[in-house]
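Just below is one structure, and these are the notes that go with it.
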Amino acid sequence: MRRLGLFLSVLDRKLVRELWQIKSQALAIAGVIAAGVALFVLMLSTQHSLELTRERYYQQNQFPDIFASLIRAPLQLETHMNAIEGVAFSRTRVVTNVALDIEGLTEPASGRLVSLPEEAPRLCGIELIEGRYLDANRENEVLVNTRFAHANGFKPGSSVTAVINGRKRKLEIVGIASSPEFVYHMRPGELLPDDKRSGVIWMGRRSLAASLDMEGGFNDVLIKLQPQANRALVIEELDRLLAPYGALGAIPRAQQTSHWFLENELTQLKTMATAIPMIFLAVAAFLLNVVLSRIVAVQREEIAAIKAVGYANSAIAFHFVKWSLAISLLGGGIGVLCGALLGRGMTAMYTTFFDFPYLVFELPGDVVAKALLVAIVAALFGALSSVRKAVTLPPAEAMRPEPPARYTKSLIEQLGMQRFFSQPTRIIFRNLQRNLGRSLISLFGIAAGGALLIVGSFSLDSVDLMTKLQFEVAQRFDVMVTLNQAASQSARQDFASMPGVQQVEAFRVVPVEIKHKHMSRQLGITSLMFDAQLNRLVDAQGRIIQPRNSGLILSATLADLLDIDVGDEIELQVLEGRRRHHQVRVTQIIDDLMGTNAYMESQTLHLLMEESASVSGAYLSVNPLKTDELYSQLKKTPRVAGVMRKGAARESLQKTMDESVGTVRTFNVMFALIIAFGVVYNGARITLAERSRELATLRVIGFRRTEISYILLGEIAILTLVAIPLSMFMGYVLASATVSAMNTEVFRIPLVVSPRTYAFGAVTIMIATTISGLIVRRRLDHLDLIAVLKTRE
């Protein structure tokens with residue numbers, strides 16, 4: 001330290017000495033700044049890394065720009081598609097959904113069968129993780145996606161049985177792969193993917209086409225566009241070309257299911273990267289201001305002496321700014337390092353949801369620069385008032401001690417209530433009122449810590465409500481069965497006659513394109529039975545929505561996207577059968593929790609389609625003693641494309657949320673404890689520094705050590721008790737803002753904060769306050785009374 005002083009100016013040596021003297025307070029403030037910067041870096045680096053991983057993965061495997069499905073078209077049509085202006089190249093495929101019989105799994109699983117050419121495809125290629133590529137001469141060889149394989153313990157050499165076009169086939173797994181098309185893959189009706197019961201299976205084109213009687217044809221198209229192509233015109237021309245072949249309408253990449261989910265998650269991360277870190281930095285600026293103000297007040301005579309020997313106001317101002325910058329840059333540097341480490345861990349955690357063959361973590365230089373910049377801004381704001389006070393202080397006035405605070409009665413004394421309180425308690429109230437501004441800011445800081453605890457924990461309450469609404473109020477069935485294609489009403493009787501089935505509610509899903517003004521969206525209209533028992537439409541408030549005899553029901557998110565209000569007439573083009581256009585009135589808009597959905601009363605939908613009661617699937621209530629018999633029967637049923645067991649879906653959701661939400665909650669609790677400790681500890685240390693002479697005097701005249709501790713720590717206790725209800729209010733407001741920021745097309749998180757969450761925040765803040773109070777109490781116990789009393793005020 002002495003050698004270092006040779007290279008420093010007088011003011012810089014003074015700065016280093018003072019920082020060392022208050023190192024514990026400086027570290028506490030730096031910790032708060034580090035927490036804010038770490039959160040900032042954590043979220044932005046995770047978002048950037050996921051985007052970078054996605055873009056590299058898309059580029060390496062030529063992820064398509066346009067997707068289209070149809071019933072069947074001849075292969076000769078591929079030449080015409082490639083001739084469309086703007087199309088770089090295309091790839092035709094054969095795709096179907098099948099039921100799978102997996103050893104050790106009682107219910108049928110769902111598989112998405114996708115054809116592969118003899119050579120690895122250039123467009124929408126696959127990443128081979130393990131094993132080898134398909135041998136064109138072996139018709140039963142398949143590849144399976146990574147997450148499905150890991151969930152079921154599949155390795156090259158394992159097998160899985162599938163019902164393809166009514167025939168059971170034992171498929172030999174020769175490789176495990178991933179594809180950018182299925183980074184996020186889940187079945188209809190699920191909140192999160194269930195990798196054990198749903199997977200992607202790639203099969204040789206020739207073998208799959210033969211199994212589906214699709215030789216010489218295709219039912220799925222992928223399109224890669226030229227760099228300057230007009231996407232909308234290409235889609236329009238492609239739809240025109242494929243319309244005679246039962247096309248379901250081409251969609252851009254933005255509406256492809258996997259990409260859509262991933263894009264919404266990245267949007268959430270970007271939104272959250274700015275909100276919560278700013279709270280930490282605001283509290284840090286307050287702490288810097290309080291500590292620096294105290295230093296300026298104590299060093300009045302030193303500042304006067306420095307001015308007297310010729311130092312300019314700018315040099316003094318810069319000296320105190322450097323004091324603040326030193327702490328902020330220390331906290332910023334620690335925050336960047338911690339944020340980078342945590343960001344790497346959080347990026348890896350996303351493998352819980354997204355199937356990337358690799359994850360690229362990168363900490364962009366601009367994120368580091370922005371993080372340090374916000375730390376510097378916090379430092380400047382924290383130093384502003386103190387620097388102004390130091391610069392404007394006339395030397396002659398500064399040479400005199402600061403005048404003592406003016407004595408005034410506290411509020412309880414003015415109200416005549418002093419007889420109800422002891423002398424130490426009255427001292428506490430008087431000091432709080434005397435330093436009202438600082439007390440209020442301390443109150444805000446403690447409350448901010450509690451609010452962050454609530455924000456970090458309320459998501460568990462929201463997930464609990466979503467789970468309850470989804471699996472107890474809306475989905476009251478035991479099993480949902482989906483068919484390969486719409487069947488006649490007789491399918492309902494077939495389900496009713498299966499073993500253990502107690503009740504059946506059939507449903508119909510019709511693919512449509514909804515158009516309003518200049519906007520459109522492709523989706524499926526789901527039928528709703530009036531007074532349904534097994535599957536009901538429920539809004540975010542848990543109210544059961546009954547369909548009307550006419551008109552369309554839209555989710556509020558879809559209505560917002562297409563600028564639709566209740567009563568508007570929209571154009572609806574059916575994308576199957578005769579592909580007719582209809583004008584339909586929107587009769588209800590509901591605030592649901594997931595997706596962009598459209599519903600219609602069952603009979604109204606059948607009339608619109610001019611069909612008898614066709615069936616796309618059914619909800620089943622099942623005798624639990626006969627579920628194994630039912631699953632065995634469903635595995636043998638050719639037209640079954642998928643089976644979802646509600647209990648399994650709920651278990652999978654709970655497991656995933658426990659892992660992911662629990663990790664995020666740990667981060668939030670850790671950071672909230674840092675902010676609470678930083679505020680309380682600094683407040684107590686400043687109070688001790690300001691009142692050490694007064695407390696020592698009280699000790700000398702006969703006050704016991706416990707009474708002196710009570711005077712000091714009582715202020716902290718009162719501020720904490722008052723801060724707890726304020727933290728609950730602030731937590732609710734922040735949770736509401738978080739919900740608004742995180743709502744996307746995929747999920748709408750309900751705002752729910754349970755008493756358990758409020759209690760968790762309150763108890764945690766009290767623990768943090770107690771720990772910091774005990775540390776300060778230890779310093780108070782070792783107070784040198786003689787040295788303190790010799791010190792000039």
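The chains in the structure tokens are called A, B, ... from first to last as shown; in each chain the residues are counted from 1, and the ligands are counted from 1 in the order shown.
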Neighbour list for Leu384 in chain A as a PyMOL selection string, cut-off 12 Å, only C-alpha atoms, skip fewer than 6 positions in-chain
chain A and resi 285-286+288-290+292-293+317-318+320-325+377-378+390-391
Might you pull out every residue within 7 Å of Val479 in chain A, with only C-alpha atoms counted and same-chain residues fewer than 4 positions away left off, and present them as an MDAnalysis selection string?
chainID A and resid 619:621 643:646
Keeping C-alpha atoms for every residue in the selection just given, could you write it to a file as an mmCIF file, in the first residue's frame?
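Okay, this is what ended up in out-v3.cif:
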data_model
loop_
_atom_site.group_PDB
_atom_site.id
_atom_site.type_symbol
_atom_site.label_atom_id
_atom_site.label_comp_id
_atom_site.auth_asym_id
_atom_site.auth_seq_id
_atom_site.Cartn_x
_atom_site.Cartn_y
_atom_site.Cartn_z
ATOM 1 C CA TYR A 619 -62.302 -36.908 -24.591
ATOM 2 C CA LEU A 620 -62.787 -40.036 -22.507
ATOM 3 C CA SER A 621 -63.716 -40.615 -18.894
ATOM 4 C CA VAL A 643 -53.241 -40.426 -26.926
ATOM 5 C CA MET A 644 -52.754 -37.968 -24.080
ATOM 6 C CA ARG A 645 -53.217 -39.179 -20.509
ATOM 7 C CA LYS A 646 -54.078 -36.156 -18.400
#
Distance of CA of Leu113 in chain A from CA of Ile173 in chain A, expressed in Å to one decimal place:
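Answer for the CA of Ile173 in chain A to CA of Leu113 in chain A separation: 13.1 Å.
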Surrounding residues of Ser24 in chain A excluding itself and chain neighbours under 6 positions, 10 Å, only C-alpha atoms, as a count of residues only:
4
Which polymer residues have any atom within 8 Å of an atom of range 363-373 of chain A, counting only C-alpha atoms, with same-chain residues fewer than 4 positions away left out, as a VMD selection string?
chain A and resid 37 40 to 41 44 to 45 48 to 49 329 332 to 333 336 340 377
What lies within 12 Å of Ser709 in chain A using only C-alpha atoms, ignoring chain neighbours under 6 positions off, as a list in words?
Pro424, Thr425, Ile428, Ala684, Thr687, Leu688, Arg691, Ser692, Leu695, Ala696, Leu698, Arg699, Phe703, Glu715, Ile716, Ala717, Gly773, Leu774, Ile775, Val776, Arg777, Arg778, Arg779, Leu780, Asp781, His782 and Leu783 of chain A
In Å, rounded to a single decimal, give me how far CA of Ala34 in chain A is from CA of Ala282 in chain A.
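Going from CA of Ala282 in chain A over to CA of Ala34 in chain A covers 12.5 Å.
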From range 343-541 of chain A, collect each residue whose DSSP state is strand (DSSP E or B) and return the set as a ChimeraX atom specification.
/A:475,479-487,501-507,509-516,519-528,535,537-538
Counting only C-alpha atoms, which residue out of A:Glu18, A:Glu265, A:Asp195, A:Glu85 sits closest to Ser652 in chain A?
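Nearest candidate to Ser652 in chain A out of A:Glu18, A:Glu265, A:Asp195, A:Glu85: A:Asp195.
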